[in-house]
$ cat final_18.cif   # mmCIF, C-alpha atoms
data_model
loop_
_atom_site.label_atom_id
_atom_site.label_comp_id
_atom_site.auth_asym_id
_atom_site.auth_seq_id
_atom_site.Cartn_x
_atom_site.Cartn_y
_atom_site.Cartn_z
CA MET A 1 116.04 52.54 91.78
CA LEU A 2 112.77 51.74 90.08
CA GLY A 3 110.65 54.27 88.24
CA HIS A 4 107.73 56.32 89.40
CA VAL A 5 104.78 53.96 89.97
CA PRO A 6 102.15 55.59 92.21
CA LEU A 7 100.02 53.28 94.33
CA SER A 8 96.26 53.81 94.32
CA LEU A 9 94.12 52.03 96.93
CA SER A 10 90.72 50.74 95.85
CA LEU A 11 87.88 51.21 98.33
CA VAL A 12 86.46 47.88 97.19
CA GLY A 13 87.43 45.27 99.77
CA LEU A 14 88.22 47.75 102.54
CA MET A 15 84.89 47.70 104.37
CA ALA A 16 85.89 44.63 106.36
CA GLY A 17 88.72 46.66 107.88
CA ALA A 18 86.79 49.87 108.57
CA ASP A 19 85.69 50.58 112.13
CA SER A 20 82.44 48.84 113.06
CA GLY A 21 81.84 47.87 109.44
CA ASP A 22 81.14 51.53 108.61
CA THR A 23 80.00 51.86 104.99
CA ASN A 24 79.74 55.67 104.94
CA ALA A 25 81.65 56.69 101.82
CA ARG A 26 83.25 59.81 103.30
CA ARG A 27 84.49 58.01 106.41
CA LEU A 28 85.69 55.07 104.33
CA ILE A 29 87.70 57.45 102.13
CA GLU A 30 89.27 59.03 105.22
CA HIS A 31 89.98 55.57 106.62
CA ALA A 32 91.62 54.51 103.34
CA ALA A 33 93.76 57.65 103.29
CA SER A 34 95.03 56.88 106.79
CA LEU A 35 96.60 53.68 105.42
CA GLY A 36 99.04 55.72 103.34
CA PRO A 37 98.33 55.37 99.59
CA ARG A 38 99.15 58.04 97.02
CA ALA A 39 95.61 57.97 95.59
CA ILE A 40 92.20 56.44 96.28
CA ARG A 41 90.06 54.59 93.76
CA LEU A 42 86.33 54.93 94.39
CA ASP A 43 83.86 52.06 94.65
CA GLY A 44 81.25 52.92 92.03
CA THR A 45 78.65 50.71 93.73
CA LEU A 46 78.97 52.20 97.22
CA THR A 47 76.22 54.52 98.42
CA GLY A 48 77.70 57.99 98.69
CA SER A 49 80.31 57.47 95.99
CA ARG A 50 78.02 56.32 93.17
CA ALA A 51 77.70 58.76 90.29
CA ARG A 52 73.97 59.21 90.87
CA ASP A 53 74.60 60.15 94.51
CA LEU A 54 76.94 63.02 93.62
CA ASP A 55 75.67 66.23 92.04
CA ARG A 56 78.05 68.95 90.86
CA SER A 57 78.38 70.46 94.34
CA ALA A 58 78.99 67.06 95.96
CA ARG A 59 81.71 66.30 93.42
CA ARG A 60 83.52 69.52 94.24
CA ASP A 61 83.19 68.68 97.95
CA LEU A 62 84.68 65.24 97.30
CA ALA A 63 87.60 66.74 95.40
CA SER A 64 88.13 69.16 98.30
CA LEU A 65 88.10 66.26 100.77
CA LEU A 66 90.76 64.40 98.78
CA ARG A 67 92.97 67.49 98.75
CA ARG A 68 92.48 68.00 102.49
CA ILE A 69 93.53 64.45 103.36
CA ASP A 70 96.37 64.64 100.82
CA VAL A 71 95.43 61.84 98.44
CA GLY A 72 94.70 61.96 94.74
CA PHE A 73 91.73 60.68 92.77
CA GLY A 74 92.74 57.28 91.37
CA GLY A 75 89.70 56.43 89.23
CA ILE A 76 86.68 54.20 89.82
CA ASP A 77 86.01 50.47 90.18
CA LEU A 78 82.50 49.52 89.04
CA TRP A 79 82.07 45.80 89.58
CA ILE A 80 78.62 45.23 88.10
CA PRO A 81 77.96 41.49 87.61
CA PRO A 82 78.91 40.81 83.96
CA GLU A 83 75.64 39.04 83.22
CA HIS A 84 73.71 42.25 83.90
CA PHE A 85 74.99 43.73 80.63
CA THR A 86 73.21 41.08 78.55
CA ASP A 87 70.10 40.61 80.69
CA PRO A 88 67.16 42.33 78.93
CA VAL A 89 65.76 43.41 82.29
CA ARG A 90 68.97 44.83 83.75
CA SER A 91 71.13 45.80 80.77
CA GLU A 92 69.94 49.40 80.41
CA ARG A 93 70.41 50.07 84.11
CA ALA A 94 73.91 48.59 83.95
CA LEU A 95 74.78 50.74 80.93
CA ASP A 96 73.41 53.86 82.63
CA ALA A 97 75.60 53.13 85.64
CA VAL A 98 78.69 52.80 83.44
CA ARG A 99 77.93 55.96 81.46
CA SER A 100 77.35 57.91 84.67
CA ALA A 101 80.55 56.54 86.20
CA ILE A 102 82.48 57.58 83.10
CA ASP A 103 81.20 61.15 83.46
CA LEU A 104 82.02 61.16 87.19
CA CYS A 105 85.49 59.83 86.47
CA ALA A 106 86.17 62.55 83.91
CA GLU A 107 84.91 65.33 86.16
CA MET A 108 86.79 64.14 89.26
CA ALA A 109 90.01 63.71 87.29
CA THR A 110 89.63 67.25 85.94
CA LEU A 111 89.04 68.64 89.44
CA ASP A 112 91.96 66.64 90.82
CA GLY A 113 94.36 67.11 87.92
CA ARG A 114 95.70 63.52 87.86
CA PRO A 115 95.58 61.93 84.37
CA ALA A 116 95.82 58.44 85.93
CA GLY A 117 92.40 59.06 87.50
CA ARG A 118 90.73 58.91 84.10
CA SER A 119 90.14 55.16 84.30
CA LEU A 120 87.07 53.08 85.06
CA SER A 121 87.41 49.36 85.78
CA VAL A 122 84.57 47.04 84.72
CA SER A 123 84.13 43.40 83.75
CA LEU A 124 82.21 42.81 80.51
CA PRO A 125 80.96 39.39 79.39
CA THR A 126 81.94 37.74 76.13
CA ASP A 127 78.64 38.44 74.36
CA ALA A 128 78.56 42.18 75.08
CA ALA A 129 79.18 43.68 71.64
CA ALA A 130 76.26 46.13 71.77
CA PRO A 131 76.92 47.38 75.34
CA ALA A 132 80.63 47.64 74.56
CA THR A 133 79.92 49.93 71.61
CA GLU A 134 77.84 52.28 73.75
CA ILE A 135 80.46 52.27 76.50
CA LEU A 136 83.20 52.96 73.94
CA ASP A 137 81.31 56.00 72.60
CA ALA A 138 80.76 57.43 76.11
CA ALA A 139 84.39 56.84 77.12
CA ASP A 140 85.71 58.37 73.91
CA ARG A 141 83.68 61.55 74.44
CA ALA A 142 84.90 61.88 78.04
CA SER A 143 88.53 60.85 77.37
CA VAL A 144 88.27 58.08 79.98
CA ARG A 145 89.96 54.67 79.68
CA VAL A 146 87.64 51.74 80.37
CA VAL A 147 89.69 48.94 81.91
CA ASP A 148 87.95 45.70 81.01
CA HIS A 149 88.60 42.67 83.21
CA GLY A 150 86.38 40.45 81.07
CA PRO A 151 87.45 37.56 78.81
CA ASP A 152 87.34 39.61 75.57
CA ALA A 153 89.25 42.62 76.91
CA GLU A 154 92.26 42.23 74.64
CA SER A 155 90.16 42.12 71.47
CA ARG A 156 88.50 45.42 72.44
CA ALA A 157 91.74 47.21 73.35
CA THR A 158 92.73 48.03 69.78
CA SER A 159 95.01 50.93 68.90
CA GLY A 160 93.33 54.25 69.71
CA SER A 161 90.45 52.60 71.57
CA PRO A 162 89.47 53.89 75.02
CA PHE A 163 89.30 50.26 76.13
CA ALA A 164 92.27 48.86 78.07
CA VAL A 165 93.06 45.41 79.42
CA GLY A 166 92.58 44.74 83.11
CA VAL A 167 95.53 42.95 84.70
CA ASP A 168 94.96 41.22 88.04
CA PRO A 169 98.07 39.27 89.14
CA ALA A 170 96.20 37.02 91.58
CA ALA A 171 93.71 35.96 88.92
CA LEU A 172 96.47 35.42 86.37
CA LEU A 173 98.62 33.37 88.74
CA LEU A 174 95.68 31.08 89.50
CA ARG A 175 95.57 30.40 85.74
CA SER A 176 99.35 29.77 85.68
CA VAL A 177 99.96 33.00 83.73
CA ASP A 178 102.95 35.14 84.73
CA PRO A 179 101.74 38.73 85.44
CA VAL A 180 105.17 40.21 84.69
CA SER A 181 105.29 38.64 81.22
CA GLU A 182 101.67 39.56 80.59
CA VAL A 183 102.21 43.24 81.38
CA ALA A 184 105.30 43.30 79.17
CA ARG A 185 103.38 41.64 76.32
CA LEU A 186 100.34 43.94 76.53
CA GLY A 187 102.35 47.15 76.91
CA GLN A 188 100.28 50.27 76.28
CA CYS A 189 97.04 48.27 76.52
CA VAL A 190 97.59 48.08 80.30
CA VAL A 191 95.88 50.73 82.43
CA ALA A 192 95.22 50.65 86.20
CA PRO A 193 96.89 47.24 86.73
CA ARG A 194 95.96 45.62 90.02
CA LEU A 195 98.41 44.87 92.79
CA SER A 196 97.30 41.51 94.17
CA ASP A 197 98.79 38.11 94.93
CA THR A 198 97.85 34.52 95.72
CA ASP A 199 99.44 31.54 97.39
CA GLY A 200 97.55 29.28 95.01
CA ILE A 201 94.58 28.91 97.33
CA SER A 202 93.50 32.39 98.41
CA ARG A 203 94.51 36.02 97.99
CA VAL A 204 97.40 37.09 100.18
CA THR A 205 99.49 40.20 100.86
CA PRO A 206 101.19 41.17 97.57
CA GLY A 207 104.72 39.82 97.64
CA ALA A 208 103.86 37.10 100.16
CA GLY A 209 102.62 34.66 97.54
CA ARG A 210 103.61 33.81 93.98
CA LEU A 211 103.96 37.37 92.67
CA ASP A 212 107.51 38.62 92.06
CA LEU A 213 106.87 42.08 93.48
CA VAL A 214 110.19 43.62 92.40
CA SER A 215 109.90 42.43 88.79
CA TYR A 216 106.24 43.46 88.63
CA ALA A 217 107.01 46.99 89.88
CA ALA A 218 109.92 47.30 87.44
CA THR A 219 107.79 46.17 84.50
CA LEU A 220 105.02 48.64 85.34
CA ALA A 221 107.62 51.40 85.52
CA MET A 222 108.67 50.65 81.94
CA LEU A 223 105.18 50.95 80.44
CA PRO A 224 104.98 53.62 77.72
CA THR A 225 102.21 55.50 79.56
CA SER A 226 102.15 56.48 83.23
CA VAL A 227 99.83 54.30 85.33
CA ASP A 228 98.82 53.77 88.93
CA ALA A 229 99.19 50.31 90.43
CA VAL A 230 95.82 49.63 92.09
CA LEU A 231 96.11 47.92 95.45
CA ASP A 232 93.17 45.52 95.61
CA ALA A 233 92.19 44.38 99.13
CA ARG A 234 89.44 42.00 97.99
CA GLY A 235 89.83 38.61 99.65
CA LEU A 236 92.44 39.69 102.19
CA ARG A 237 91.83 38.39 105.70
CA SER A 238 93.09 41.50 107.53
CA PRO A 239 92.72 44.33 104.98
CA ASP A 240 94.11 47.20 107.08
CA GLU A 241 97.20 45.37 108.26
CA GLN A 242 97.91 43.80 104.88
CA VAL A 243 97.37 47.07 103.00
CA ARG A 244 99.87 48.84 105.27
CA GLU A 245 102.38 46.02 104.76
CA THR A 246 101.97 46.26 101.00
CA ILE A 247 102.34 50.05 100.93
CA ASP A 248 105.56 49.75 102.94
CA ALA A 249 106.87 47.04 100.62
CA TRP A 250 105.92 49.01 97.51
CA ALA A 251 107.74 52.08 98.85
CA ARG A 252 110.88 49.95 99.18
CA HIS A 253 110.60 48.35 95.75
CA ALA A 254 109.29 51.41 93.85
CA PRO A 255 110.70 54.34 95.86
CA GLY A 256 109.87 56.87 93.18
CA ALA A 257 106.16 56.34 93.97
CA PHE A 258 106.29 57.98 97.42
#
$ encode --input "final_18.cif" --output "structure tokens"
Amino acid sequence: MLGHVPLSLSLVGLMAGADSGDTNARRLIEHAASLGPRAIRLDGTLTGSRARDLDRSARRDLASLLRRIDVGFGGIDLWIPPEHFTDPVRSERALDAVRSAIDLCAEMATLDGRPAGRSLSVSLPTDAAAPATEILDAADRASVRVVDHGPDAESRATSGSPFAVGVDPAALLLRSVDPVSEVARLGQCVVAPRLSDTDGISRVTPGAGRLDLVSYAATLAMLPTSVDAVLDARGLRSPDEQVRETIDAWARHAPGAF
């Protein structure tokens, strides 16, 4: 039996499967919960779940909603275009969004009580030294891990740094990199690893492409710190159906998660 590897479902990529293309954050959260994950990872760009849309009262209401529908808070995905961080016109707005998302992440994780929720996924460009320093300071103060999916992520994820390395199996496989070996190599630098797959052309249901689902689950279970595997529905043709299939498969391969 494999270890305890909870599965968190990202709201990003789910809108195609929601009824009538509904983008209401509350209804999308309820829809995501109906698919059966252990936790839900917010879309930091979606109206209604952005940090600036949620005052203190709204954050408590959101935490109450998650408890009512029996899912945990799994963190936040904030996919701001990387170039915005170095654009003189848009960089300050991008930084403000990250800082606000870090604060929201910390507060929601405190209300929810799940340490794995203290993670914010972003993608920083190579030439983002100044923004990265400001993000590091904000994350350090809030005790939030910033999971960088950018090209320089590993150089930022030094010992004791709040930065972590974003692992996305589908993206790695398209570069002929084995996700299982990569997770094992990076060890404690891995936080909020994605659960995704590819057949070499497009993204497919995890386990239906090139990803060795059993080995990947086992390797995540052996990480020195507890993490959620983040089910990423971006690029899936039938998100609802494929998410359910993946959750069922994950329960078989990582039974301690459910």
$ resolve_selection --input "final_18.cif" --expression "the PyMOL selection byres ((chain A and resi 174) around 10)" --output "PyMOL selection string"
chain A and resi 169-173+175-178+197-203+210
$ resolve_selection --input "final_18.cif" --expression "the PyMOL selection byres ((chain A and resi 215) around 12)" --output "number ranges by chain"
A: 2-3, 178-184, 207, 210-214, 216-222, 250, 253-254
$ atom_distance --input "final_18.cif" --atom1 "CA of Leu11 in chain A" --atom2 "CA of Pro37 in chain A"
11.3 Å
$ atom_distance --input "final_18.cif" --atom1 "CA of Gly44 in chain A" --atom2 "CA of Val98 in chain A"
9.0 Å
$ axis_aligned_box --input "final_18.cif" --around "range 145-159 of chain A" --padding-each-side "3 Å" --output "JSON"
{"center_x": 90.7, "center_y": 46.1, "center_z": 76.1, "size_x": 14.6, "size_y": 23.1, "size_z": 20.3}
$ decode --input "final_18.cif" --residues "range 177-196 of chain A" --atoms "N, CA and C atoms" --output "PDB file, in the first residue's frame"
ATOM      1  N   VAL A 177      11.829  14.301 -20.113  1.00  0.00           N
ATOM      2  CA  VAL A 177      12.327  14.215 -18.739  1.00  0.00           C
ATOM      3  C   VAL A 177      11.365  13.331 -17.949  1.00  0.00           C
ATOM      4  N   ASP A 178      11.899  12.372 -17.206  1.00  0.00           N
ATOM      5  CA  ASP A 178      11.080  11.451 -16.429  1.00  0.00           C
ATOM      6  C   ASP A 178      10.608  12.131 -15.135  1.00  0.00           C
ATOM      7  N   PRO A 179       9.298  12.336 -14.944  1.00  0.00           N
ATOM      8  CA  PRO A 179       8.808  13.008 -13.734  1.00  0.00           C
ATOM      9  C   PRO A 179       9.154  12.268 -12.447  1.00  0.00           C
ATOM     10  N   VAL A 180       9.168  10.944 -12.490  1.00  0.00           N
ATOM     11  CA  VAL A 180       9.476  10.159 -11.293  1.00  0.00           C
ATOM     12  C   VAL A 180      10.913  10.431 -10.847  1.00  0.00           C
ATOM     13  N   SER A 181      11.844  10.382 -11.774  1.00  0.00           N
ATOM     14  CA  SER A 181      13.244  10.656 -11.453  1.00  0.00           C
ATOM     15  C   SER A 181      13.437  12.096 -11.010  1.00  0.00           C
ATOM     16  N   GLU A 182      12.699  12.999 -11.630  1.00  0.00           N
ATOM     17  CA  GLU A 182      12.833  14.425 -11.294  1.00  0.00           C
ATOM     18  C   GLU A 182      12.355  14.703  -9.876  1.00  0.00           C
ATOM     19  N   VAL A 183      11.243  14.123  -9.486  1.00  0.00           N
ATOM     20  CA  VAL A 183      10.753  14.300  -8.114  1.00  0.00           C
ATOM     21  C   VAL A 183      11.746  13.715  -7.117  1.00  0.00           C
ATOM     22  N   ALA A 184      12.263  12.538  -7.415  1.00  0.00           N
ATOM     23  CA  ALA A 184      13.236  11.908  -6.525  1.00  0.00           C
ATOM     24  C   ALA A 184      14.500  12.758  -6.402  1.00  0.00           C
ATOM     25  N   ARG A 185      14.932  13.356  -7.496  1.00  0.00           N
ATOM     26  CA  ARG A 185      16.148  14.190  -7.484  1.00  0.00           C
ATOM     27  C   ARG A 185      15.936  15.469  -6.681  1.00  0.00           C
ATOM     28  N   LEU A 186      14.781  16.111  -6.861  1.00  0.00           N
ATOM     29  CA  LEU A 186      14.526  17.408  -6.230  1.00  0.00           C
ATOM     30  C   LEU A 186      14.160  17.282  -4.755  1.00  0.00           C
ATOM     31  N   GLY A 187      13.548  16.163  -4.375  1.00  0.00           N
ATOM     32  CA  GLY A 187      13.245  15.910  -2.972  1.00  0.00           C
ATOM     33  C   GLY A 187      12.432  17.001  -2.313  1.00  0.00           C
ATOM     34  N   GLN A 188      12.970  17.585  -1.234  1.00  0.00           N
ATOM     35  CA  GLN A 188      12.221  18.547  -0.437  1.00  0.00           C
ATOM     36  C   GLN A 188      11.958  19.867  -1.163  1.00  0.00           C
ATOM     37  N   CYS A 189      12.542  20.060  -2.326  1.00  0.00           N
ATOM     38  CA  CYS A 189      12.254  21.264  -3.123  1.00  0.00           C
ATOM     39  C   CYS A 189      10.908  21.164  -3.832  1.00  0.00           C
ATOM     40  N   VAL A 190      10.291  19.973  -3.803  1.00  0.00           N
ATOM     41  CA  VAL A 190       9.017  19.759  -4.495  1.00  0.00           C
ATOM     42  C   VAL A 190       7.851  20.058  -3.555  1.00  0.00           C
ATOM     43  N   VAL A 191       6.978  20.963  -3.984  1.00  0.00           N
ATOM     44  CA  VAL A 191       5.750  21.290  -3.267  1.00  0.00           C
ATOM     45  C   VAL A 191       4.632  21.391  -4.305  1.00  0.00           C
ATOM     46  N   ALA A 192       3.445  20.910  -3.932  1.00  0.00           N
ATOM     47  CA  ALA A 192       2.277  20.967  -4.830  1.00  0.00           C
ATOM     48  C   ALA A 192       2.594  20.452  -6.234  1.00  0.00           C
ATOM     49  N   PRO A 193       3.159  19.244  -6.364  1.00  0.00           N
ATOM     50  CA  PRO A 193       3.438  18.691  -7.693  1.00  0.00           C
ATOM     51  C   PRO A 193       2.141  18.439  -8.448  1.00  0.00           C
ATOM     52  N   ARG A 194       2.155  18.702  -9.750  1.00  0.00           N
ATOM     53  CA  ARG A 194       0.958  18.498 -10.544  1.00  0.00           C
ATOM     54  C   ARG A 194       0.748  17.009 -10.832  1.00  0.00           C
ATOM     55  N   LEU A 195      -0.482  16.669 -11.098  1.00  0.00           N
ATOM     56  CA  LEU A 195      -0.823  15.342 -11.599  1.00  0.00           C
ATOM     57  C   LEU A 195      -1.379  15.548 -12.995  1.00  0.00           C
ATOM     58  N   SER A 196      -0.556  15.290 -13.992  1.00  0.00           N
ATOM     59  CA  SER A 196      -0.920  15.515 -15.389  1.00  0.00           C
ATOM     60  C   SER A 196      -0.208  14.476 -16.240  1.00  0.00           C
TER      61      SER A 196
END
